[in-house]
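Here's run20.csv, which has CSV, C-alpha atoms:
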chain,number,residue,atom,x,y,z
A,375,MET,CA,24.1,-222.3,-155.4
A,376,VAL,CA,21.5,-219.7,-154.9
A,377,THR,CA,18.0,-221.0,-154.8
A,378,ARG,CA,15.3,-218.4,-155.1
A,379,VAL,CA,11.7,-219.2,-154.5
A,380,VAL,CA,9.5,-216.7,-156.2
A,381,VAL,CA,6.3,-217.5,-154.3
A,382,GLY,CA,6.5,-217.5,-150.5
A,383,ALA,CA,9.8,-215.7,-150.4
A,384,HIS,CA,10.0,-212.6,-148.2
A,385,TYR,CA,9.6,-210.2,-151.0
A,386,GLY,CA,7.7,-207.2,-149.6
A,387,LEU,CA,8.1,-208.1,-146.0
A,388,LYS,CA,10.6,-205.3,-145.4
A,389,ASP,CA,8.3,-202.7,-147.0
A,390,TRP,CA,5.3,-204.0,-145.2
A,391,LEU,CA,7.1,-203.6,-141.9
A,392,ALA,CA,8.6,-200.2,-142.9
A,393,GLN,CA,5.1,-198.9,-143.8
A,394,ARG,CA,3.9,-199.8,-140.3
A,395,VAL,CA,6.9,-198.6,-138.4
A,396,THR,CA,6.8,-195.2,-140.2
A,397,ALA,CA,3.0,-195.0,-139.5
A,398,ILE,CA,3.6,-195.4,-135.8
A,399,VAL,CA,6.3,-192.7,-135.9
A,400,MET,CA,3.9,-190.4,-137.5
A,401,VAL,CA,1.1,-191.2,-135.0
A,402,VAL,CA,3.5,-190.4,-132.1
A,403,TYR,CA,4.7,-187.2,-133.8
A,404,THR,CA,1.1,-186.0,-134.5
A,405,ILE,CA,0.2,-186.4,-130.8
A,406,ILE,CA,3.4,-184.6,-129.7
A,407,PHE,CA,2.9,-181.8,-132.2
A,408,LEU,CA,-0.8,-181.3,-131.3
A,409,ALA,CA,0.2,-181.2,-127.6
A,410,ALA,CA,2.9,-178.6,-128.3
A,411,LEU,CA,0.4,-176.6,-130.4
A,412,VAL,CA,-2.3,-176.6,-127.8
A,413,THR,CA,-0.1,-175.7,-124.9
A,414,ARG,CA,1.5,-172.8,-126.7
A,415,ALA,CA,-1.5,-171.3,-128.5
A,416,PRO,CA,-2.1,-168.6,-129.6
A,417,MET,CA,1.0,-168.5,-131.6
A,418,GLY,CA,2.8,-165.6,-133.3
A,419,PHE,CA,5.8,-165.9,-135.6
A,420,PRO,CA,8.4,-166.0,-132.8
A,421,GLU,CA,6.6,-168.9,-131.0
A,422,TRP,CA,6.0,-170.8,-134.2
A,423,LYS,CA,9.7,-170.5,-135.2
A,424,ALA,CA,10.9,-171.4,-131.7
A,425,LEU,CA,8.7,-174.6,-131.8
A,426,PHE,CA,10.6,-175.9,-134.9
A,427,THR,CA,14.1,-174.7,-134.0
A,428,HIS,CA,13.9,-176.3,-130.6
A,429,GLY,CA,16.7,-179.0,-130.7
A,430,VAL,CA,14.6,-182.0,-130.0
A,431,MET,CA,11.6,-180.8,-132.0
A,432,ARG,CA,13.7,-180.1,-135.0
A,433,VAL,CA,15.0,-183.7,-135.0
A,434,LEU,CA,11.6,-185.2,-134.4
A,435,THR,CA,10.1,-183.1,-137.2
A,436,LEU,CA,12.8,-184.4,-139.6
A,437,LEU,CA,12.1,-187.9,-138.4
A,438,PHE,CA,8.4,-187.3,-139.1
A,439,PHE,CA,9.0,-186.1,-142.6
A,440,LEU,CA,11.5,-188.9,-143.4
A,441,SER,CA,8.9,-191.4,-142.2
A,442,LEU,CA,6.2,-189.7,-144.2
A,443,PHE,CA,8.3,-189.8,-147.4
A,444,TYR,CA,9.2,-193.5,-147.0
A,445,HIS,CA,5.6,-194.3,-146.1
A,446,ALA,CA,4.4,-192.3,-149.1
A,447,TRP,CA,6.8,-194.2,-151.4
A,448,ILE,CA,5.5,-197.6,-150.4
A,449,GLY,CA,1.9,-196.5,-150.6
A,450,VAL,CA,2.2,-194.7,-154.0
A,451,ARG,CA,4.2,-197.6,-155.4
A,452,ASP,CA,1.4,-200.0,-154.4
A,453,ILE,CA,-1.1,-197.8,-156.1
A,454,LEU,CA,1.0,-197.7,-159.3
A,455,MET,CA,1.5,-201.5,-159.2
A,456,ASP,CA,-2.3,-201.9,-159.0
A,457,TYR,CA,-3.4,-199.5,-161.7
A,458,ILE,CA,-0.6,-198.9,-164.2
A,459,GLN,CA,-0.1,-202.1,-166.2
A,460,PRO,CA,2.5,-201.0,-168.9
A,461,THR,CA,5.9,-201.5,-167.3
A,462,GLY,CA,7.5,-198.5,-169.0
A,463,VAL,CA,4.8,-196.1,-167.9
A,464,ARG,CA,4.9,-197.5,-164.4
A,465,LEU,CA,8.7,-197.3,-164.2
A,466,PHE,CA,8.6,-193.7,-165.4
A,467,LEU,CA,6.0,-192.7,-162.8
A,468,GLU,CA,7.9,-194.5,-160.0
A,469,VAL,CA,11.1,-192.6,-161.0
A,470,LEU,CA,9.1,-189.3,-160.8
A,471,VAL,CA,7.8,-190.2,-157.4
A,472,ILE,CA,11.3,-191.1,-156.1
A,473,LEU,CA,12.7,-187.9,-157.5
A,474,ALA,CA,9.9,-185.8,-155.9
A,475,LEU,CA,10.4,-187.5,-152.5
A,476,VAL,CA,14.2,-187.0,-152.6
A,477,ALA,CA,13.7,-183.4,-153.5
A,478,TYR,CA,11.1,-183.0,-150.7
A,479,THR,CA,13.7,-184.5,-148.3
A,480,ILE,CA,16.3,-181.9,-149.3
A,481,TRP,CA,13.7,-179.2,-149.1
A,482,THR,CA,12.6,-180.3,-145.6
A,483,ILE,CA,16.2,-180.3,-144.3
A,484,SER,CA,16.8,-176.8,-145.7
A,485,ILE,CA,13.5,-175.5,-144.2
A,486,LEU,CA,14.2,-176.9,-140.8
A,487,TRP,CA,17.9,-175.9,-140.6
A,488,SER,CA,17.6,-172.5,-142.1
A,489,ALA,CA,14.7,-171.5,-139.8
B,125,MET,CA,-8.0,-233.1,-181.0
B,126,ALA,CA,-8.6,-231.9,-177.4
B,127,PRO,CA,-12.1,-230.4,-176.9
B,128,ALA,CA,-12.1,-226.7,-176.6
B,129,ILE,CA,-12.3,-225.4,-173.1
B,130,PRO,CA,-15.8,-224.0,-172.6
B,131,VAL,CA,-15.7,-220.3,-171.9
B,132,LYS,CA,-17.9,-219.6,-169.0
B,133,LYS,CA,-19.9,-216.5,-168.9
B,134,ARG,CA,-18.8,-215.1,-165.6
B,135,PRO,CA,-20.4,-212.0,-164.3
B,136,LYS,CA,-18.0,-209.1,-164.2
B,137,HIS,CA,-18.8,-206.3,-161.8
B,138,LEU,CA,-16.2,-203.7,-162.9
B,139,ASP,CA,-18.8,-201.0,-163.5
B,140,LEU,CA,-17.9,-198.6,-160.7
B,141,THR,CA,-21.5,-197.3,-160.6
B,142,LYS,CA,-22.8,-200.8,-159.9
B,143,ILE,CA,-20.3,-201.8,-157.2
B,144,HIS,CA,-21.7,-201.6,-153.8
B,145,LEU,CA,-18.9,-201.6,-151.3
B,146,PRO,CA,-19.4,-202.9,-147.7
B,147,LEU,CA,-18.2,-200.5,-145.0
B,148,PRO,CA,-14.8,-202.0,-144.6
B,149,GLY,CA,-14.3,-201.8,-148.3
B,150,LEU,CA,-15.4,-198.1,-148.3
B,151,VAL,CA,-12.9,-197.4,-145.5
B,152,SER,CA,-10.2,-199.2,-147.4
B,153,ILE,CA,-10.7,-197.4,-150.7
B,154,LEU,CA,-11.0,-194.0,-148.9
B,155,HIS,CA,-7.7,-194.9,-147.2
B,156,ARG,CA,-6.1,-195.2,-150.6
B,157,VAL,CA,-7.8,-192.1,-152.1
B,158,SER,CA,-6.9,-190.0,-149.1
B,159,GLY,CA,-3.3,-191.3,-149.2
B,160,ALA,CA,-3.0,-190.4,-152.9
B,161,ALA,CA,-4.4,-186.9,-152.2
B,162,LEU,CA,-2.1,-186.3,-149.3
B,163,PHE,CA,0.9,-187.4,-151.4
B,164,LEU,CA,0.0,-185.4,-154.6
B,165,ILE,CA,-1.2,-182.1,-153.0
B,166,GLY,CA,-0.9,-182.4,-149.2
B,167,ILE,CA,2.9,-182.9,-148.9
B,168,PRO,CA,4.0,-180.1,-151.3
B,169,PHE,CA,1.4,-177.8,-149.8
B,170,LEU,CA,2.5,-178.6,-146.3
B,171,LEU,CA,6.2,-178.0,-147.1
B,172,TRP,CA,5.4,-174.8,-148.9
B,173,VAL,CA,3.5,-173.4,-145.9
B,174,LEU,CA,6.2,-174.5,-143.6
B,175,HIS,CA,8.9,-173.0,-145.8
B,176,CYS,CA,7.1,-169.5,-145.9
B,177,SER,CA,5.8,-169.4,-142.4
B,178,LEU,CA,9.2,-170.3,-140.9
B,179,ALA,CA,11.3,-168.0,-143.2
B,180,ASN,CA,10.2,-164.6,-141.8
B,181,GLN,CA,7.4,-162.6,-140.2
B,182,GLN,CA,6.0,-161.5,-143.6
B,183,GLY,CA,5.7,-165.2,-144.7
B,184,PHE,CA,4.0,-166.1,-141.5
B,185,ASP,CA,1.5,-163.2,-141.7
B,186,GLY,CA,0.9,-164.0,-145.4
B,187,TRP,CA,-0.2,-167.5,-144.7
B,188,ARG,CA,-2.2,-166.4,-141.7
B,189,ASP,CA,-4.2,-164.0,-143.9
B,190,THR,CA,-4.5,-166.7,-146.6
B,191,PHE,CA,-5.9,-169.2,-144.1
B,192,ASN,CA,-8.6,-166.6,-143.2
B,193,HIS,CA,-10.1,-166.9,-146.6
B,194,PRO,CA,-13.2,-169.1,-146.5
B,195,LEU,CA,-12.4,-171.1,-149.6
B,196,VAL,CA,-8.9,-171.8,-148.3
B,197,LYS,CA,-10.4,-172.9,-145.0
B,198,LEU,CA,-12.7,-175.3,-146.8
B,199,ILE,CA,-9.8,-176.8,-148.7
B,200,VAL,CA,-7.7,-177.1,-145.5
B,201,ILE,CA,-10.6,-178.8,-143.7
B,202,GLY,CA,-10.9,-181.2,-146.7
B,203,PHE,CA,-7.2,-182.2,-146.3
B,204,LEU,CA,-7.7,-182.4,-142.5
B,205,TRP,CA,-10.4,-185.0,-143.2
B,206,ALA,CA,-8.0,-186.9,-145.5
B,207,TYR,CA,-5.3,-186.9,-142.8
B,208,LEU,CA,-7.7,-188.0,-140.1
B,209,HIS,CA,-9.3,-190.7,-142.2
B,210,HIS,CA,-5.9,-192.0,-143.2
B,211,PHE,CA,-4.8,-191.8,-139.6
B,212,PHE,CA,-7.7,-193.8,-138.1
B,213,ALA,CA,-8.1,-196.2,-141.0
B,214,GLY,CA,-4.4,-196.9,-140.6
B,215,LEU,CA,-4.7,-197.5,-136.9
B,216,ARG,CA,-7.5,-199.9,-137.7
B,217,PHE,CA,-5.3,-201.8,-140.2
B,218,LEU,CA,-2.6,-202.0,-137.6
B,219,ALA,CA,-5.0,-203.6,-135.2
B,220,LEU,CA,-6.2,-206.0,-137.9
B,221,ASP,CA,-2.5,-206.9,-138.5
B,222,LEU,CA,-2.3,-207.9,-134.8
B,223,HIS,CA,-5.4,-210.0,-135.3
B,224,ILE,CA,-7.5,-207.6,-133.2
B,225,GLY,CA,-11.1,-207.3,-134.3
B,226,ILE,CA,-10.9,-209.6,-137.4
B,227,SER,CA,-14.3,-211.2,-137.0
B,228,LEU,CA,-16.8,-209.9,-139.5
B,229,PRO,CA,-19.1,-208.0,-137.0
B,230,ALA,CA,-16.0,-206.5,-135.2
B,231,ALA,CA,-14.4,-205.5,-138.6
B,232,ARG,CA,-17.7,-203.9,-139.7
B,233,ALA,CA,-18.1,-202.1,-136.4
B,234,SER,CA,-14.5,-200.7,-136.4
B,235,SER,CA,-14.9,-199.5,-140.0
B,236,ARG,CA,-18.0,-197.6,-139.0
B,237,TRP,CA,-16.1,-196.1,-136.1
B,238,VAL,CA,-13.3,-195.0,-138.4
B,239,LEU,CA,-15.8,-193.1,-140.6
B,240,ILE,CA,-17.6,-191.6,-137.6
B,241,VAL,CA,-14.5,-190.6,-135.6
B,242,SER,CA,-12.6,-189.0,-138.5
B,243,LEU,CA,-15.7,-187.1,-139.6
B,244,ALA,CA,-16.6,-186.0,-136.1
B,245,LEU,CA,-13.0,-184.8,-135.5
B,246,THR,CA,-13.0,-183.0,-138.9
B,247,LEU,CA,-16.2,-181.2,-137.9
B,248,MET,CA,-14.7,-180.3,-134.5
B,249,PHE,CA,-11.5,-179.0,-135.9
B,250,GLY,CA,-13.4,-177.4,-138.7
B,251,VAL,CA,-15.7,-175.4,-136.4
B,252,TRP,CA,-12.6,-174.4,-134.3
B,253,LEU,CA,-10.7,-173.3,-137.5
B,254,TRP,CA,-13.7,-171.4,-138.8

Full structure transcribed into structure tokens:
Amino acid sequence: MVTRVVVGAHYGLKDWLAQRVTAIVMVVYTIIFLAALVTRAPMGFPEWKALFTHGVMRVLTLLFFLSLFYHAWIGVRDILMDYIQPTGVRLFLEVLVILALVAYTIWTISILWSA
Amino acid sequence: MAPAIPVKKRPKHLDLTKIHLPLPGLVSILHRVSGAALFLIGIPFLLWVLHCSLANQQGFDGWRDTFNHPLVKLIVIGFLWAYLHHFFAGLRFLALDLHIGISLPAARASSRWVLIVSLALTLMFGVWLW
């Protein structure tokens, strides 16, 4: 028998944690990126391109964007839950946000791997 | 018949012009507003710039010229503030999660620092960008 307790269950705990883990990933990347930018300035196109095609940096950049998109999903979903009361409208907007973020993910990979 | 439950006249302060937020509340709502702006405009803009600037020399030069326009610089500085505020307000929330600085005076002081540091860094980067 499955017993589900609506109140006090761990609903949302995973998202709460994910929002914080992704935040920390972005903080670390921001510092690394700023350091790379400052030590290589002034930058022309070749240096700019080299920065993002560098093996480690390319993976870190993708990790940053994946964290950003997951973080954005949780945050935007929270905003929609707070302000958009009609279920149908909220669901529609949530689907739009998910589709946008999935498209952004594909775009990011294409940018980073075609550079 | 059961007596009707008396309807209390409770004050409702939903008039946004009459709500006076304490500093931690201001930091909190600005965290939300900046997050929404970064999602709606910041992310697609960032990807677009990255897309063009990494594609070829012309794309890179194109954005470099665009960023030299004063109006574009102002908008970029605006989003820089949104990122910095979201960044430092987020760090403050992480600290609060770890029960660091949760007393009222400490929470007020840290929210003031979030506003000051993000504005000061925006100004610093803004002057540097200009």

Notebook entry, point to check: What does the distance between atom CA of Thr190 of chain B and atom CA of Gly166 of chain B come to in Å, to one decimal place?
Noted result: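 Between these atoms lies a distance of 16.3 Å.
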
Give me the residues of chain A that have any atom at most 8 Å from an atom of chain B; for each, the nearest atom pair and the distance in Å, rounded to one decimal. Use only C-alpha atoms, sort by chain and number, and format it as CSV.
residue,atom,partner,partner_atom,distance
A:Arg394,CA,B:Leu218,CA,7.4
A:Ala397,CA,B:Gly214,CA,7.7
A:Val401,CA,B:Phe211,CA,7.5
A:Phe419,CA,B:Gln181,CA,5.9
A:Trp422,CA,B:Leu178,CA,7.4
A:Lys423,CA,B:Leu178,CA,5.7
A:Ala446,CA,B:Phe163,CA,6.4
A:Gly449,CA,B:Gly159,CA,7.5
A:Val450,CA,B:Ala160,CA,6.8
A:Ile453,CA,B:Arg156,CA,7.9
A:Tyr478,CA,B:Pro168,CA,7.7
A:Trp481,CA,B:Leu171,CA,7.9
A:Thr482,CA,B:Leu171,CA,7.0
A:Ile485,CA,B:His175,CA,5.5
A:Ser488,CA,B:Ala179,CA,7.8
A:Ala489,CA,B:Leu178,CA,5.7

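Minimum atom-to-atom distances from A:Ile483, A:Ile458, A:Ile406, A:Asp389 to Leu436 of chain A were compared using only C-alpha atoms, and the lowest value belongs to A:Ile483.
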
Next item on the list: Tell me, as an NGL selection string, which residues lie within 12 Å of Arg464 of chain A, counting only C-alpha atoms; anything in the same chain fewer than 5 positions away does not count.
Entry: :A and (450-459 or 469-471)

Margin query: One number please: atom CA of Tyr444 of chain A to atom CA of Leu475 of chain A, in Å, one decimal.
Written below: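 Straight-line distance from atom CA of Tyr444 of chain A to atom CA of Leu475 of chain A works out to 8.2 Å.
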
Item checked: Within 8 Å of Phe438 of chain A using all atoms listed in the file, minus same-chain residues under 2 positions, as a list in words ->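 Using all atoms listed in the file, the neighbours found are Val399, Met400, Tyr403, Leu434, Thr435, Leu436, Leu440, Ser441 and Leu442 of chain A.
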
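Of note, atom CA of Arg232 of chain B and atom CA of Pro148 of chain B are spaced 6.0 Å apart.
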
Note to self: For a quick check of understanding, using only C-alpha atoms, which of A:Phe443, A:Ala477, A:Leu486, A:Phe466 has the smallest distance to Gln393 of chain A?
What the structure shows: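 Of the candidates, the smallest distance to Gln393 of chain A is held by A:Phe443.
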
Can you list, as an mmCIF file with C-alpha atoms, keeping the file's coordinate frame, every protein, DNA or RNA residue that comes within 9 Å of Leu208 of chain B when you count all atoms listed in the file, leaving out same-chain residues fewer than 2 positions away?
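After the write, result.cif holds the following:
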data_model
loop_
_atom_site.group_PDB
_atom_site.id
_atom_site.type_symbol
_atom_site.label_atom_id
_atom_site.label_comp_id
_atom_site.auth_asym_id
_atom_site.auth_seq_id
_atom_site.Cartn_x
_atom_site.Cartn_y
_atom_site.Cartn_z
ATOM 1 C CA PHE B 203 -7.200 -182.200 -146.300
ATOM 2 C CA LEU B 204 -7.700 -182.400 -142.500
ATOM 3 C CA TRP B 205 -10.400 -185.000 -143.200
ATOM 4 C CA ALA B 206 -8.000 -186.900 -145.500
ATOM 5 C CA HIS B 210 -5.900 -192.000 -143.200
ATOM 6 C CA PHE B 211 -4.800 -191.800 -139.600
ATOM 7 C CA PHE B 212 -7.700 -193.800 -138.100
ATOM 8 C CA ALA B 213 -8.100 -196.200 -141.000
ATOM 9 C CA VAL B 241 -14.500 -190.600 -135.600
ATOM 10 C CA SER B 242 -12.600 -189.000 -138.500
ATOM 11 C CA LEU B 243 -15.700 -187.100 -139.600
ATOM 12 C CA LEU B 245 -13.000 -184.800 -135.500
ATOM 13 C CA THR B 246 -13.000 -183.000 -138.900
#

Completed segment 210-246 of chain B (N, CA and C atoms) as a PDB file, keeping the file's coordinate frame:
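out-v2.pdb was written with the following content:
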ATOM      1  N   HIS B 210      -7.112-191.153-143.002  1.00  0.00           N
ATOM      2  CA  HIS B 210      -5.900-192.000-143.200  1.00  0.00           C
ATOM      3  C   HIS B 210      -5.357-192.472-141.912  1.00  0.00           C
ATOM      4  N   PHE B 211      -5.330-191.565-140.933  1.00  0.00           N
ATOM      5  CA  PHE B 211      -4.800-191.800-139.600  1.00  0.00           C
ATOM      6  C   PHE B 211      -5.584-192.951-138.907  1.00  0.00           C
ATOM      7  N   PHE B 212      -6.915-192.779-138.830  1.00  0.00           N
ATOM      8  CA  PHE B 212      -7.700-193.800-138.100  1.00  0.00           C
ATOM      9  C   PHE B 212      -7.897-195.063-138.841  1.00  0.00           C
ATOM     10  N   ALA B 213      -8.038-194.983-140.179  1.00  0.00           N
ATOM     11  CA  ALA B 213      -8.100-196.200-141.000  1.00  0.00           C
ATOM     12  C   ALA B 213      -6.807-196.979-140.840  1.00  0.00           C
ATOM     13  N   GLY B 214      -5.688-196.239-140.795  1.00  0.00           N
ATOM     14  CA  GLY B 214      -4.400-196.900-140.600  1.00  0.00           C
ATOM     15  C   GLY B 214      -4.256-197.564-139.289  1.00  0.00           C
ATOM     16  N   LEU B 215      -4.729-196.896-138.228  1.00  0.00           N
ATOM     17  CA  LEU B 215      -4.700-197.500-136.900  1.00  0.00           C
ATOM     18  C   LEU B 215      -5.544-198.805-136.901  1.00  0.00           C
ATOM     19  N   ARG B 216      -6.676-198.758-137.635  1.00  0.00           N
ATOM     20  CA  ARG B 216      -7.500-199.900-137.700  1.00  0.00           C
ATOM     21  C   ARG B 216      -6.787-201.078-138.420  1.00  0.00           C
ATOM     22  N   PHE B 217      -6.058-200.744-139.502  1.00  0.00           N
ATOM     23  CA  PHE B 217      -5.300-201.800-140.200  1.00  0.00           C
ATOM     24  C   PHE B 217      -4.206-202.360-139.333  1.00  0.00           C
ATOM     25  N   LEU B 218      -3.591-201.493-138.511  1.00  0.00           N
ATOM     26  CA  LEU B 218      -2.600-202.000-137.600  1.00  0.00           C
ATOM     27  C   LEU B 218      -3.168-202.980-136.598  1.00  0.00           C
ATOM     28  N   ALA B 219      -4.370-202.661-136.114  1.00  0.00           N
ATOM     29  CA  ALA B 219      -5.000-203.600-135.200  1.00  0.00           C
ATOM     30  C   ALA B 219      -5.379-204.890-135.883  1.00  0.00           C
ATOM     31  N   LEU B 220      -5.855-204.795-137.132  1.00  0.00           N
ATOM     32  CA  LEU B 220      -6.200-206.000-137.900  1.00  0.00           C
ATOM     33  C   LEU B 220      -4.928-206.877-138.082  1.00  0.00           C
ATOM     34  N   ASP B 221      -3.769-206.207-138.320  1.00  0.00           N
ATOM     35  CA  ASP B 221      -2.500-206.900-138.500  1.00  0.00           C
ATOM     36  C   ASP B 221      -2.176-207.738-137.225  1.00  0.00           C
ATOM     37  N   LEU B 222      -2.578-207.183-136.066  1.00  0.00           N
ATOM     38  CA  LEU B 222      -2.300-207.900-134.800  1.00  0.00           C
ATOM     39  C   LEU B 222      -3.451-208.820-134.429  1.00  0.00           C
ATOM     40  N   HIS B 223      -4.312-209.094-135.436  1.00  0.00           N
ATOM     41  CA  HIS B 223      -5.400-210.000-135.300  1.00  0.00           C
ATOM     42  C   HIS B 223      -6.435-209.520-134.215  1.00  0.00           C
ATOM     43  N   ILE B 224      -6.517-208.188-134.100  1.00  0.00           N
ATOM     44  CA  ILE B 224      -7.500-207.600-133.200  1.00  0.00           C
ATOM     45  C   ILE B 224      -8.712-207.204-134.022  1.00  0.00           C
ATOM     46  N   GLY B 225      -9.870-207.712-133.663  1.00  0.00           N
ATOM     47  CA  GLY B 225     -11.100-207.300-134.300  1.00  0.00           C
ATOM     48  C   GLY B 225     -11.234-207.839-135.756  1.00  0.00           C
ATOM     49  N   ILE B 226     -10.810-209.096-136.003  1.00  0.00           N
ATOM     50  CA  ILE B 226     -10.900-209.600-137.400  1.00  0.00           C
ATOM     51  C   ILE B 226     -12.174-210.364-137.679  1.00  0.00           C
ATOM     52  N   SER B 227     -13.021-210.575-136.674  1.00  0.00           N
ATOM     53  CA  SER B 227     -14.300-211.200-137.000  1.00  0.00           C
ATOM     54  C   SER B 227     -15.149-210.244-137.781  1.00  0.00           C
ATOM     55  N   LEU B 228     -16.048-210.768-138.606  1.00  0.00           N
ATOM     56  CA  LEU B 228     -16.800-209.900-139.500  1.00  0.00           C
ATOM     57  C   LEU B 228     -17.589-208.795-138.761  1.00  0.00           C
ATOM     58  N   PRO B 229     -18.330-209.122-137.695  1.00  0.00           N
ATOM     59  CA  PRO B 229     -19.100-208.000-137.000  1.00  0.00           C
ATOM     60  C   PRO B 229     -18.122-206.986-136.424  1.00  0.00           C
ATOM     61  N   ALA B 230     -16.992-207.431-135.838  1.00  0.00           N
ATOM     62  CA  ALA B 230     -16.000-206.500-135.200  1.00  0.00           C
ATOM     63  C   ALA B 230     -15.412-205.602-136.324  1.00  0.00           C
ATOM     64  N   ALA B 231     -15.071-206.212-137.463  1.00  0.00           N
ATOM     65  CA  ALA B 231     -14.400-205.500-138.600  1.00  0.00           C
ATOM     66  C   ALA B 231     -15.423-204.426-139.126  1.00  0.00           C
ATOM     67  N   ARG B 232     -16.687-204.821-139.220  1.00  0.00           N
ATOM     68  CA  ARG B 232     -17.700-203.900-139.700  1.00  0.00           C
ATOM     69  C   ARG B 232     -17.875-202.730-138.723  1.00  0.00           C
ATOM     70  N   ALA B 233     -17.933-203.086-137.421  1.00  0.00           N
ATOM     71  CA  ALA B 233     -18.100-202.100-136.400  1.00  0.00           C
ATOM     72  C   ALA B 233     -16.954-201.084-136.392  1.00  0.00           C
ATOM     73  N   SER B 234     -15.714-201.610-136.487  1.00  0.00           N
ATOM     74  CA  SER B 234     -14.500-200.700-136.400  1.00  0.00           C
ATOM     75  C   SER B 234     -14.472-199.834-137.653  1.00  0.00           C
ATOM     76  N   SER B 235     -14.897-200.346-138.810  1.00  0.00           N
ATOM     77  CA  SER B 235     -14.900-199.500-140.000  1.00  0.00           C
ATOM     78  C   SER B 235     -15.886-198.371-139.880  1.00  0.00           C
ATOM     79  N   ARG B 236     -17.022-198.677-139.235  1.00  0.00           N
ATOM     80  CA  ARG B 236     -18.000-197.600-139.000  1.00  0.00           C
ATOM     81  C   ARG B 236     -17.430-196.563-138.070  1.00  0.00           C
ATOM     82  N   TRP B 237     -16.721-197.025-137.032  1.00  0.00           N
ATOM     83  CA  TRP B 237     -16.100-196.100-136.100  1.00  0.00           C
ATOM     84  C   TRP B 237     -15.056-195.208-136.726  1.00  0.00           C
ATOM     85  N   VAL B 238     -14.296-195.796-137.657  1.00  0.00           N
ATOM     86  CA  VAL B 238     -13.300-195.000-138.400  1.00  0.00           C
ATOM     87  C   VAL B 238     -13.947-193.848-139.096  1.00  0.00           C
ATOM     88  N   LEU B 239     -15.043-194.160-139.800  1.00  0.00           N
ATOM     89  CA  LEU B 239     -15.800-193.100-140.600  1.00  0.00           C
ATOM     90  C   LEU B 239     -16.324-192.063-139.612  1.00  0.00           C
ATOM     91  N   ILE B 240     -16.938-192.523-138.526  1.00  0.00           N
ATOM     92  CA  ILE B 240     -17.600-191.600-137.600  1.00  0.00           C
ATOM     93  C   ILE B 240     -16.555-190.703-136.894  1.00  0.00           C
ATOM     94  N   VAL B 241     -15.501-191.332-136.342  1.00  0.00           N
ATOM     95  CA  VAL B 241     -14.500-190.600-135.600  1.00  0.00           C
ATOM     96  C   VAL B 241     -13.794-189.558-136.455  1.00  0.00           C
ATOM     97  N   SER B 242     -13.390-189.976-137.674  1.00  0.00           N
ATOM     98  CA  SER B 242     -12.600-189.000-138.500  1.00  0.00           C
ATOM     99  C   SER B 242     -13.546-187.885-138.968  1.00  0.00           C
ATOM    100  N   LEU B 243     -14.819-188.187-139.253  1.00  0.00           N
ATOM    101  CA  LEU B 243     -15.700-187.100-139.600  1.00  0.00           C
ATOM    102  C   LEU B 243     -16.048-186.180-138.474  1.00  0.00           C
ATOM    103  N   ALA B 244     -16.239-186.784-137.279  1.00  0.00           N
ATOM    104  CA  ALA B 244     -16.600-186.000-136.100  1.00  0.00           C
ATOM    105  C   ALA B 244     -15.396-185.052-135.744  1.00  0.00           C
ATOM    106  N   LEU B 245     -14.156-185.578-135.779  1.00  0.00           N
ATOM    107  CA  LEU B 245     -13.000-184.800-135.500  1.00  0.00           C
ATOM    108  C   LEU B 245     -12.779-183.674-136.518  1.00  0.00           C
ATOM    109  N   THR B 246     -13.067-184.026-137.796  1.00  0.00           N
ATOM    110  CA  THR B 246     -13.000-183.000-138.900  1.00  0.00           C
ATOM    111  C   THR B 246     -13.931-181.883-138.595  1.00  0.00           C
TER     112      THR B 246
END
